[in-house]
Number of protein chains: 2
Amino acid sequence: MVRAGLTTERLVRAGAELADEVGFEQVTLSALARRFDVKVASLYSHLKNSGDLKTRIAQLALRELADRAADALAGRAGKDALTAFADVYRDYARAHPGRYAATRHPLTPEAAAASAGGRHAAMTRAILRGYDLAEPDQTHAVRLLGSVFHGYVSLELAGGFSHSAPDSQESWTRILDALDATLRNWPGD
Amino acid sequence: MVRAGLTTERLVRAGAELADEVGFEQVTLSALARRFDVKVASLYSHLKNSGDLKTRIAQLALRELADRAADALAGRAGKDALTAFADVYRDYARAHPGRYAATRHPLTPEAAAASAGGRHAAMTRAILRGYDLAEPDQTHAVRLLGSVFHGYVSLELAGGFSHSAPDSQESWTRILDALDATLRNWPGD
DNA sequence: CTCATTTGCCTAAATGCTTTAGGTATCTCC
DNA sequence: GGAGATACCTAAAGCATTTAGGCAAATGAG
């Protein structure tokens, strides 16, 4: 009986790949066990349960996304930083739809605290340093950016913008232009 | 043996209520059968399968949302129409989180064609008539509005803006102000 | 009113995912 | 080489989905 060499790490990584292939919601311990040619019960030595797997995939995806965003932000400011950051989100979602869906998986407060969520928030605020926004407008702007990025990416992923002119890339560019303009001229009270 | 009086209509309506209570993803034929005190197999006379139920709940929610939006838009234009429309989305999502989640359920092309999706698109374009946008900018703006509304509402529903100042309502208002300004001063090429 | 038909709901059973309990085989390292 | 830890297993129970086939209640025609 040759051991499969399971570890939590490998299982989560394979789970993330599975998510990209079949969708995050379809990630199941059974499918994961099949992939390692192992009985389902064996996974329970490495994962608490199926929810644990999903939580770990979510945390992995948040980490990967934050890493890429940090790279993209290095040495950039203003609109340059804004578009680089936005593109990281969109590109990641298109390259890894299952992982991106995982980043929207609800986390318990503890799981959220152990995630890269905080880094995302910090980076968004870093971008806004290139614009002249004092609190509470800065927080409103953080929420606007989060809404537009997440909203656009998830509508695009759902196929909302395909098969209709103009090209989604064109809209994305123009929306980022508009967002930049909005941040430069944030309306006062 | 008294009959329960099942109909597709009643089942879908109850399914929507169930979605609001336990979440759209947790809507199951078993749970629905329990609610009517009926065996699961009995539902198959009225629904093709569990996917059929979810599709029908999605269509119901899209219809309800379109009806409310149409009411809200009547007699309004410009920013007034924009905020009324936006508020309908947000209020519906907060009052009926399960139904709102259902509106994001992927539909087959046929199911989408039979849905109120077209009315939503038409209403969004109607709002933009209050602003001076020619194609293709109008389409970019439609996509921006969709992204912001959906993105904000889903982040808020996921708890993203709770337990932190400023109030979510405040951000919503200021984001709509910013959106109105963006549409009035849409950046040219 | 009665009988035939349709319709509504049932039982039964197969399949698949999740989870726990407890066992055997394989590695590690002294 | 043997002790102990670790990796993976079998077995079984619980719950959701789906299909097949059956009895009973409603419906309507004569």
# chains A, B, ... in the order shown; residues from 1 in each chain; ligands from 1
$ interface_residues --of "chain B" --to "chain C" --cutoff "12 Å" --atoms "only C-alpha atoms (C1' of nucleotides)" --output "list in words"
Met1, Val2, Arg3, Ala4, Gly5, Leu6, Thr7, Ala33, Phe36, Asp37, Val38, Lys39, Val40, Ala41, Ser42, Leu43, Tyr44, Ser45 and His46 of chain B
$ closest_atom_pairs --of "chain B" --to "chain A" --cutoff "6 Å" --atoms "only C-alpha atoms" --output "CSV"
residue,atom,partner,partner_atom,distance
B:His140,CA,A:Ser171,CA,4.9
B:Ser147,CA,A:Gly151,CA,4.0
B:Val148,CA,A:Val148,CA,4.9
B:His150,CA,A:Gly151,CA,5.5
B:Gly151,CA,A:Gly151,CA,3.8
B:Tyr152,CA,A:Ser147,CA,4.6
B:Ser171,CA,A:His140,CA,4.9
B:Thr182,CA,A:Thr182,CA,5.9
$ write_last_selection --atoms "all heavy atoms" --output "short mmCIF file (atom, residue, chain, number, x, y, z; two decimals), in the first residue's frame"
data_model
loop_
_atom_site.label_atom_id
_atom_site.label_comp_id
_atom_site.auth_asym_id
_atom_site.auth_seq_id
_atom_site.Cartn_x
_atom_site.Cartn_y
_atom_site.Cartn_z
N HIS B 140 -20.68 51.71 -21.33
CA HIS B 140 -19.71 51.68 -20.24
C HIS B 140 -20.39 52.09 -18.93
O HIS B 140 -20.17 51.50 -17.88
CB HIS B 140 -18.54 52.63 -20.53
CG HIS B 140 -17.79 52.30 -21.78
ND1 HIS B 140 -17.54 51.01 -22.17
CD2 HIS B 140 -17.23 53.10 -22.73
CE1 HIS B 140 -16.85 51.02 -23.32
NE2 HIS B 140 -16.67 52.28 -23.68
N SER B 147 -22.08 47.33 -11.85
CA SER B 147 -20.98 46.89 -10.99
C SER B 147 -21.08 47.51 -9.61
O SER B 147 -20.92 46.83 -8.59
CB SER B 147 -19.64 47.27 -11.62
OG SER B 147 -19.49 46.64 -12.87
N VAL B 148 -21.32 48.79 -9.56
CA VAL B 148 -21.38 49.46 -8.25
C VAL B 148 -22.56 48.94 -7.44
O VAL B 148 -22.40 48.59 -6.26
CB VAL B 148 -21.49 50.99 -8.39
CG1 VAL B 148 -21.68 51.63 -7.03
CG2 VAL B 148 -20.25 51.54 -9.08
N HIS B 150 -24.36 46.13 -7.73
CA HIS B 150 -24.19 44.74 -7.32
C HIS B 150 -23.03 44.60 -6.34
O HIS B 150 -23.12 43.89 -5.34
CB HIS B 150 -23.97 43.84 -8.53
CG HIS B 150 -23.51 42.47 -8.15
ND1 HIS B 150 -24.20 41.68 -7.25
CD2 HIS B 150 -22.42 41.75 -8.50
CE1 HIS B 150 -23.55 40.54 -7.09
NE2 HIS B 150 -22.46 40.55 -7.82
N GLY B 151 -21.93 45.24 -6.64
CA GLY B 151 -20.75 45.12 -5.78
C GLY B 151 -21.03 45.64 -4.39
O GLY B 151 -20.75 44.94 -3.40
N TYR B 152 -21.60 46.82 -4.28
CA TYR B 152 -21.85 47.38 -2.96
C TYR B 152 -22.80 46.50 -2.17
O TYR B 152 -22.54 46.14 -1.01
CB TYR B 152 -22.43 48.79 -3.07
CG TYR B 152 -22.42 49.51 -1.73
CD1 TYR B 152 -21.36 50.33 -1.37
CD2 TYR B 152 -23.46 49.34 -0.81
CE1 TYR B 152 -21.33 50.97 -0.14
CE2 TYR B 152 -23.43 49.96 0.43
CZ TYR B 152 -22.37 50.78 0.76
OH TYR B 152 -22.34 51.39 1.98
N SER B 171 -22.01 55.91 3.53
CA SER B 171 -21.19 55.60 2.35
C SER B 171 -22.04 55.46 1.10
O SER B 171 -21.68 55.94 0.02
CB SER B 171 -20.42 54.30 2.57
OG SER B 171 -19.36 54.48 3.47
N THR B 182 -19.92 61.61 -11.56
CA THR B 182 -19.18 60.92 -12.61
C THR B 182 -19.96 60.89 -13.91
O THR B 182 -19.43 61.12 -14.99
CB THR B 182 -18.87 59.47 -12.18
OG1 THR B 182 -18.15 59.50 -10.96
CG2 THR B 182 -18.05 58.75 -13.23
#
$ atom_distance --atom1 "atom CA of Gly23 of chain B" --atom2 "atom CA of Arg94 of chain A"
26.4 Å
$ atom_distance --atom1 "atom CA of Ala19 of chain B" --atom2 "atom CA of Gly98 of chain B"
4.3 Å
$ atom_distance --atom1 "atom CA of Ala66 of chain A" --atom2 "atom CA of Arg13 of chain A"
16.7 Å
$ select_by_dssp --residues "chain B" --states "helix (DSSP H, G or I)" --output "count of residues only"
134
$ closest_residue --among "B:Leu11, B:Ala121, B:Leu32, B:Ala16" --to "chain D" --atoms "only C-alpha atoms (C1' of nucleotides)"
B:Leu32
$ interface_residues --of "chain D" --to "chain B" --cutoff "10 Å" --atoms "only C-alpha atoms (C1' of nucleotides)" --output "list in words"
DC15, DA16, DT17, DT18, DT19, DA24 and DA25 of chain D
$ write_last_selection --atoms "all heavy atoms" --output "tab-separated table (two decimals), in the first residue's frame"
chain	number	residue	atom	x	y	z
D	15	DC	P	-30.42	12.76	9.52
D	15	DC	OP1	-30.68	13.81	10.51
D	15	DC	OP2	-31.33	11.60	9.35
D	15	DC	O5'	-30.28	13.46	8.09
D	15	DC	C5'	-29.32	14.50	7.91
D	15	DC	C4'	-29.11	14.71	6.43
D	15	DC	O4'	-28.48	13.55	5.86
D	15	DC	C3'	-30.44	14.90	5.65
D	15	DC	O3'	-30.30	16.03	4.81
D	15	DC	C2'	-30.55	13.62	4.84
D	15	DC	C1'	-29.07	13.32	4.59
D	15	DC	N1	-28.81	11.94	4.13
D	15	DC	C2	-27.96	11.75	3.04
D	15	DC	O2	-27.43	12.73	2.52
D	15	DC	N3	-27.75	10.49	2.58
D	15	DC	C4	-28.35	9.46	3.17
D	15	DC	N4	-28.12	8.25	2.68
D	15	DC	C5	-29.21	9.64	4.30
D	15	DC	C6	-29.42	10.88	4.74
D	16	DA	P	-31.56	16.72	4.15
D	16	DA	OP1	-31.59	18.11	4.63
D	16	DA	OP2	-32.72	15.82	4.33
D	16	DA	O5'	-31.17	16.73	2.62
D	16	DA	C5'	-30.04	17.46	2.18
D	16	DA	C4'	-29.80	17.18	0.72
D	16	DA	O4'	-29.34	15.82	0.59
D	16	DA	C3'	-31.05	17.31	-0.15
D	16	DA	O3'	-30.75	18.09	-1.30
D	16	DA	C2'	-31.41	15.89	-0.51
D	16	DA	C1'	-30.08	15.16	-0.41
D	16	DA	N9	-30.24	13.77	0.00
D	16	DA	C8	-30.82	13.31	1.15
D	16	DA	N7	-30.84	12.01	1.24
D	16	DA	C5	-30.24	11.58	0.07
D	16	DA	C6	-29.96	10.29	-0.45
D	16	DA	N6	-30.29	9.17	0.18
D	16	DA	N1	-29.35	10.24	-1.65
D	16	DA	C2	-29.04	11.37	-2.28
D	16	DA	N3	-29.25	12.63	-1.90
D	16	DA	C4	-29.85	12.66	-0.70
D	17	DT	P	-31.82	18.28	-2.46
D	17	DT	OP1	-31.50	19.53	-3.15
D	17	DT	OP2	-33.17	18.04	-1.88
D	17	DT	O5'	-31.50	17.06	-3.44
D	17	DT	C5'	-30.27	17.06	-4.15
D	17	DT	C4'	-30.29	15.97	-5.19
D	17	DT	O4'	-30.41	14.69	-4.53
D	17	DT	C3'	-31.46	16.06	-6.19
D	17	DT	O3'	-30.91	15.97	-7.49
D	17	DT	C2'	-32.32	14.84	-5.85
D	17	DT	C1'	-31.31	13.88	-5.25
D	17	DT	N1	-31.83	12.89	-4.28
D	17	DT	C2	-31.65	11.56	-4.53
D	17	DT	O2	-31.09	11.15	-5.53
D	17	DT	N3	-32.13	10.71	-3.57
D	17	DT	C4	-32.78	11.05	-2.40
D	17	DT	O4	-33.16	10.20	-1.62
D	17	DT	C5	-32.94	12.48	-2.19
D	17	DT	C7	-33.62	12.96	-0.95
D	17	DT	C6	-32.47	13.31	-3.13
D	18	DT	P	-31.79	16.48	-8.74
D	18	DT	OP1	-30.84	16.93	-9.77
D	18	DT	OP2	-32.86	17.38	-8.29
D	18	DT	O5'	-32.44	15.13	-9.24
D	18	DT	C5'	-31.56	14.07	-9.60
D	18	DT	C4'	-32.32	12.77	-9.69
D	18	DT	O4'	-32.64	12.29	-8.38
D	18	DT	C3'	-33.66	12.85	-10.42
D	18	DT	O3'	-33.48	12.30	-11.72
D	18	DT	C2'	-34.61	12.02	-9.57
D	18	DT	C1'	-33.70	11.36	-8.56
D	18	DT	N1	-34.30	11.10	-7.22
D	18	DT	C2	-34.33	9.80	-6.78
D	18	DT	O2	-33.88	8.87	-7.41
D	18	DT	N3	-34.91	9.65	-5.54
D	18	DT	C4	-35.46	10.64	-4.75
D	18	DT	O4	-35.96	10.35	-3.66
D	18	DT	C5	-35.40	11.97	-5.28
D	18	DT	C7	-35.96	13.12	-4.51
D	18	DT	C6	-34.83	12.14	-6.49
D	19	DT	P	-34.74	12.19	-12.76
D	19	DT	OP1	-34.16	12.36	-14.10
D	19	DT	OP2	-35.84	13.06	-12.33
D	19	DT	O5'	-35.20	10.68	-12.60
D	19	DT	C5'	-34.19	9.67	-12.54
D	19	DT	C4'	-34.85	8.32	-12.34
D	19	DT	O4'	-35.19	8.13	-10.95
D	19	DT	C3'	-36.15	8.12	-13.13
D	19	DT	O3'	-36.11	6.84	-13.76
D	19	DT	C2'	-37.24	8.20	-12.06
D	19	DT	C1'	-36.51	7.66	-10.83
D	19	DT	N1	-37.02	8.14	-9.53
D	19	DT	C2	-37.18	7.25	-8.50
D	19	DT	O2	-36.91	6.07	-8.61
D	19	DT	N3	-37.65	7.78	-7.33
D	19	DT	C4	-37.98	9.10	-7.10
D	19	DT	O4	-38.40	9.46	-6.01
D	19	DT	C5	-37.80	10.00	-8.22
D	19	DT	C7	-38.13	11.43	-8.07
D	19	DT	C6	-37.33	9.47	-9.37
D	24	DA	P	-55.83	2.61	-1.85
D	24	DA	OP1	-55.96	2.12	-0.46
D	24	DA	OP2	-56.60	1.99	-2.95
D	24	DA	O5'	-56.10	4.17	-1.85
D	24	DA	C5'	-55.16	5.04	-1.21
D	24	DA	C4'	-55.56	6.47	-1.52
D	24	DA	O4'	-55.13	6.79	-2.86
D	24	DA	C3'	-57.05	6.74	-1.48
D	24	DA	O3'	-57.23	8.07	-1.04
D	24	DA	C2'	-57.47	6.58	-2.94
D	24	DA	C1'	-56.26	7.22	-3.63
D	24	DA	N9	-56.00	6.80	-5.00
D	24	DA	C8	-56.10	5.54	-5.52
D	24	DA	N7	-55.78	5.47	-6.79
D	24	DA	C5	-55.44	6.78	-7.12
D	24	DA	C6	-55.02	7.38	-8.31
D	24	DA	N6	-54.82	6.71	-9.45
D	24	DA	N1	-54.77	8.71	-8.29
D	24	DA	C2	-54.95	9.37	-7.15
D	24	DA	N3	-55.35	8.92	-5.95
D	24	DA	C4	-55.58	7.60	-6.02
D	25	DA	P	-58.59	8.52	-0.32
D	25	DA	OP1	-58.28	8.74	1.10
D	25	DA	OP2	-59.67	7.59	-0.72
D	25	DA	O5'	-58.86	9.93	-0.99
D	25	DA	C5'	-57.82	10.90	-0.95
D	25	DA	C4'	-57.95	11.82	-2.15
D	25	DA	O4'	-57.69	11.09	-3.37
D	25	DA	C3'	-59.33	12.46	-2.30
D	25	DA	O3'	-59.12	13.83	-2.52
D	25	DA	C2'	-59.92	11.77	-3.53
D	25	DA	C1'	-58.66	11.46	-4.33
D	25	DA	N9	-58.74	10.33	-5.25
D	25	DA	C8	-59.11	9.04	-4.97
D	25	DA	N7	-59.05	8.23	-5.99
D	25	DA	C5	-58.59	9.04	-7.03
D	25	DA	C6	-58.31	8.78	-8.38
D	25	DA	N6	-58.45	7.58	-8.94
D	25	DA	N1	-57.87	9.80	-9.14
D	25	DA	C2	-57.73	11.01	-8.56
D	25	DA	N3	-57.96	11.38	-7.30
D	25	DA	C4	-58.39	10.34	-6.58
$ decode --residues "segment 151-163 of chain A" --atoms "N, CA and C atoms" --output "tab-separated table (two decimals), in the first residue's frame"
chain	number	residue	atom	x	y	z
A	151	GLY	N	-17.78	44.08	-8.14
A	151	GLY	CA	-18.99	44.06	-8.96
A	151	GLY	C	-18.67	43.80	-10.42
A	152	TYR	N	-17.71	44.53	-10.95
A	152	TYR	CA	-17.39	44.36	-12.36
A	152	TYR	C	-16.89	42.95	-12.63
A	153	VAL	N	-15.95	42.53	-11.83
A	153	VAL	CA	-15.34	41.22	-12.03
A	153	VAL	C	-16.38	40.12	-11.92
A	154	SER	N	-17.29	40.24	-10.98
A	154	SER	CA	-18.21	39.13	-10.83
A	154	SER	C	-19.28	39.15	-11.92
A	155	LEU	N	-19.67	40.34	-12.36
A	155	LEU	CA	-20.62	40.38	-13.48
A	155	LEU	C	-19.95	39.86	-14.75
A	156	GLU	N	-18.69	40.23	-14.94
A	156	GLU	CA	-17.97	39.77	-16.13
A	156	GLU	C	-17.82	38.25	-16.11
A	157	LEU	N	-17.46	37.73	-14.95
A	157	LEU	CA	-17.27	36.29	-14.81
A	157	LEU	C	-18.57	35.55	-15.07
A	158	ALA	N	-19.67	36.16	-14.69
A	158	ALA	CA	-20.98	35.52	-14.89
A	158	ALA	C	-21.40	35.62	-16.36
A	159	GLY	N	-20.56	36.27	-17.16
A	159	GLY	CA	-20.88	36.34	-18.59
A	159	GLY	C	-21.70	37.55	-18.98
A	160	GLY	N	-21.88	38.46	-18.02
A	160	GLY	CA	-22.75	39.60	-18.25
A	160	GLY	C	-22.33	40.50	-19.41
A	161	PHE	N	-21.02	40.58	-19.66
A	161	PHE	CA	-20.57	41.54	-20.67
A	161	PHE	C	-20.09	40.89	-21.96
A	162	SER	N	-20.24	39.59	-22.04
A	162	SER	CA	-19.75	38.93	-23.25
A	162	SER	C	-20.81	38.99	-24.33
A	163	HIS	N	-20.41	38.72	-25.52
A	163	HIS	CA	-21.33	38.68	-26.66
A	163	HIS	C	-22.08	39.99	-26.83
